[in-house]
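Below is one structure, written out as structure tokens; comments come after it.
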Amino acid sequence: MTLQDSTPEYLEQCRQALTAEQTKSLAETENWSHVDKTQTHIDWDVLYKELTPLIDGSLPSSPEVQTIIARHYSIASRFYLPSQKAYIGMALFYRDNPDMKAFHNAYHLKMVDFLGEAIFFYANRNL
């Protein structure tokens, strides 16, 4: 199964999990005051630049891509530890939010879709 094949009901559950977990974490951590946001953005930039050349020649489930996605999850976990559904919800947020979609697709026109499938695979195998 892929993200693209998921039911609308399941995808909505993932969106709701992301919202609930982020809201709780923001409230408990004074808006993620414990996170070095500048370093986090630098680390995601490096990661996306590593992922970009793999998009046209690799599967989202490939070991090389999944190693990068494990790092992506690790970076996301600096804020809070996302559940499986919340992490998938993050991929959906990247797709649904116009600013996030534009940001990610500036690296590669297929980044959001590829990243979404890679996150979906990772979450289902590891979380």
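Please note that chains go A, B, ... in the order of the structure tokens, that every chain numbers its residues from 1, and that ligands are numbered from 1 in the order shown.
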Can I get the residues of stretch 10-59 of chain A within 9 Å of stretch 112-117 of chain A, each with the closest pair of atoms and their distance in Å to one decimal, using only C-alpha atoms, sorted chain first then ascending number, as CSV?
residue,atom,partner,partner_atom,distance
A:Leu51,CA,A:Leu115,CA,8.7
A:Ile55,CA,A:Phe114,CA,6.7
A:Leu59,CA,A:Phe114,CA,8.4
Could those selected residues go to a file with all heavy atoms, as a PDB file, in the first residue's frame?
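File written: result_21.pdb
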ATOM      1  N   LEU A  51      18.513  14.160  -0.966  1.00  0.00           N
ATOM      2  CA  LEU A  51      17.387  13.390  -1.496  1.00  0.00           C
ATOM      3  C   LEU A  51      17.083  13.739  -2.951  1.00  0.00           C
ATOM      4  O   LEU A  51      16.704  12.863  -3.733  1.00  0.00           O
ATOM      5  CB  LEU A  51      16.145  13.642  -0.621  1.00  0.00           C
ATOM      6  CG  LEU A  51      14.906  12.814  -0.913  1.00  0.00           C
ATOM      7  CD1 LEU A  51      15.198  11.322  -0.772  1.00  0.00           C
ATOM      8  CD2 LEU A  51      13.774  13.225   0.026  1.00  0.00           C
ATOM      9  N   ILE A  55      15.407  11.247  -6.521  1.00  0.00           N
ATOM     10  CA  ILE A  55      13.986  11.246  -6.858  1.00  0.00           C
ATOM     11  C   ILE A  55      13.711  10.629  -8.227  1.00  0.00           C
ATOM     12  O   ILE A  55      12.758   9.868  -8.385  1.00  0.00           O
ATOM     13  CB  ILE A  55      13.408  12.673  -6.752  1.00  0.00           C
ATOM     14  CG1 ILE A  55      13.394  13.098  -5.284  1.00  0.00           C
ATOM     15  CG2 ILE A  55      12.021  12.765  -7.376  1.00  0.00           C
ATOM     16  CD1 ILE A  55      12.984  14.532  -5.039  1.00  0.00           C
ATOM     17  N   LEU A  59      13.392   4.327  -5.870  1.00  0.00           N
ATOM     18  CA  LEU A  59      12.069   4.140  -5.289  1.00  0.00           C
ATOM     19  C   LEU A  59      12.049   4.744  -3.882  1.00  0.00           C
ATOM     20  O   LEU A  59      13.064   4.690  -3.182  1.00  0.00           O
ATOM     21  CB  LEU A  59      11.723   2.657  -5.197  1.00  0.00           C
ATOM     22  CG  LEU A  59      11.549   1.922  -6.517  1.00  0.00           C
ATOM     23  CD1 LEU A  59      11.365   0.426  -6.277  1.00  0.00           C
ATOM     24  CD2 LEU A  59      10.348   2.494  -7.283  1.00  0.00           C
TER      25      LEU A  59
END
Stretch 69-105 of chain A residues near stretch 61-65 of chain A within 12 Å, closest pair each, using only C-alpha atoms, as CSV:
residue,atom,partner,partner_atom,distance
A:Ile69,CA,A:Val65,CA,6.3
A:Ala70,CA,A:Val65,CA,8.7
A:Arg71,CA,A:Val65,CA,10.0
A:His72,CA,A:Val65,CA,10.5
Just the selected residues (all heavy atoms), exported as a compact mmCIF listing (two decimals), in the first residue's frame, please.
# COMPACT_ATOMS: atom_id res chain seq x y z
N ILE A 69 15.31 9.17 5.02
CA ILE A 69 14.03 9.41 5.71
C ILE A 69 14.18 9.15 7.21
O ILE A 69 13.57 9.85 8.03
CB ILE A 69 12.90 8.59 5.09
CG1 ILE A 69 12.69 9.00 3.62
CG2 ILE A 69 11.60 8.74 5.87
CD1 ILE A 69 12.42 10.48 3.39
N ALA A 70 14.99 8.19 7.59
CA ALA A 70 15.25 7.97 9.01
C ALA A 70 15.86 9.23 9.63
O ALA A 70 15.53 9.61 10.76
CB ALA A 70 16.17 6.77 9.22
N ARG A 71 16.73 9.89 8.89
CA ARG A 71 17.30 11.15 9.37
C ARG A 71 16.24 12.24 9.43
O ARG A 71 16.23 13.06 10.35
CB ARG A 71 18.47 11.59 8.48
CG ARG A 71 19.71 10.75 8.71
CD ARG A 71 20.94 11.14 7.89
NE ARG A 71 21.03 12.52 7.49
CZ ARG A 71 21.24 12.91 6.23
NH1 ARG A 71 21.40 12.03 5.26
NH2 ARG A 71 21.32 14.19 5.94
N HIS A 72 15.35 12.25 8.44
CA HIS A 72 14.25 13.22 8.43
C HIS A 72 13.40 13.05 9.69
O HIS A 72 13.06 14.03 10.36
CB HIS A 72 13.40 13.04 7.17
CG HIS A 72 12.31 14.05 7.03
ND1 HIS A 72 11.08 13.91 7.63
CD2 HIS A 72 12.27 15.22 6.33
CE1 HIS A 72 10.32 14.95 7.32
NE2 HIS A 72 11.02 15.76 6.54
Find the spatial neighbours of A:Pro8, counting only C-alpha atoms, within a cut-off of 12 Å - ignore same-chain residues fewer than 6 positions away - and output them as an mmCIF file with all heavy atoms, in the first residue's frame.
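Saved as result.cif:
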data_model
loop_
_atom_site.group_PDB
_atom_site.id
_atom_site.type_symbol
_atom_site.label_atom_id
_atom_site.label_comp_id
_atom_site.auth_asym_id
_atom_site.auth_seq_id
_atom_site.Cartn_x
_atom_site.Cartn_y
_atom_site.Cartn_z
ATOM 1 N N CYS A 14 -4.682 10.774 9.955
ATOM 2 C CA CYS A 14 -3.277 11.195 10.024
ATOM 3 C C CYS A 14 -3.167 12.702 10.194
ATOM 4 O O CYS A 14 -2.352 13.185 10.994
ATOM 5 C CB CYS A 14 -2.527 10.734 8.775
ATOM 6 S SG CYS A 14 -2.367 8.935 8.635
ATOM 7 N N ARG A 15 -3.986 13.444 9.477
ATOM 8 C CA ARG A 15 -3.989 14.902 9.631
ATOM 9 C C ARG A 15 -4.378 15.286 11.060
ATOM 10 O O ARG A 15 -3.771 16.172 11.665
ATOM 11 C CB ARG A 15 -4.951 15.546 8.637
ATOM 12 C CG ARG A 15 -4.476 15.527 7.207
ATOM 13 C CD ARG A 15 -5.489 16.222 6.284
ATOM 14 N NE ARG A 15 -5.052 16.151 4.911
ATOM 15 C CZ ARG A 15 -5.472 15.234 4.024
ATOM 16 N NH1 ARG A 15 -6.355 14.307 4.388
ATOM 17 N NH2 ARG A 15 -5.012 15.245 2.796
ATOM 18 N N LEU A 92 1.420 14.786 4.597
ATOM 19 C CA LEU A 92 0.200 15.360 4.026
ATOM 20 C C LEU A 92 0.198 16.878 4.167
ATOM 21 O O LEU A 92 -0.242 17.596 3.260
ATOM 22 C CB LEU A 92 -1.030 14.766 4.705
ATOM 23 C CG LEU A 92 -1.217 13.265 4.491
ATOM 24 C CD1 LEU A 92 -2.331 12.742 5.378
ATOM 25 C CD2 LEU A 92 -1.461 12.944 3.034
#
Please provide the set of residues having any atom within 9 Å of A:Gln84, restricted to only C-alpha atoms, with same-chain residues fewer than 6 positions apart removed, written as a list in words.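 Selected residues are Cys14, Ala17, Phe120, Tyr122, Ala123, Asn124, Asn126 and Leu127 of chain A.
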Would you pick out the contacts of A:Asp43 at 10 Å or less, using only C-alpha atoms, so that residues sharing its chain but fewer than 4 positions from it are not included, and give the list as a PyMOL selection string? chain A and resi 37-39+47-49+71-72+75
For A:Ser77, list every protein, DNA or RNA residue within 12 Å, evaluated using only C-alpha atoms, and leave out those in the same chain fewer than 5 positions away; present the list as an MDAnalysis selection string. chainID A and resid 21:22 25 32 34:35 40 70:72 82:83 86:87 90
Taking the chain letters and numbering used in this document, name the residues of chain A that DSSP puts in alpha helix (DSSP H), as a PyMOL selection string. chain A and resi 8-28+37-51+63-76+84-96+98-105+111-126
What does the structure give for the distance between atom CA of A:His104 and atom CA of A:Thr52, in Å to one decimal?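 Distance between the two atoms: 10.1 Å.
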Figure out the distance between atom CA of A:Ala76 and atom CA of A:Thr19, please, to one decimal in Å.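 Between these atoms lies a distance of 14.3 Å.
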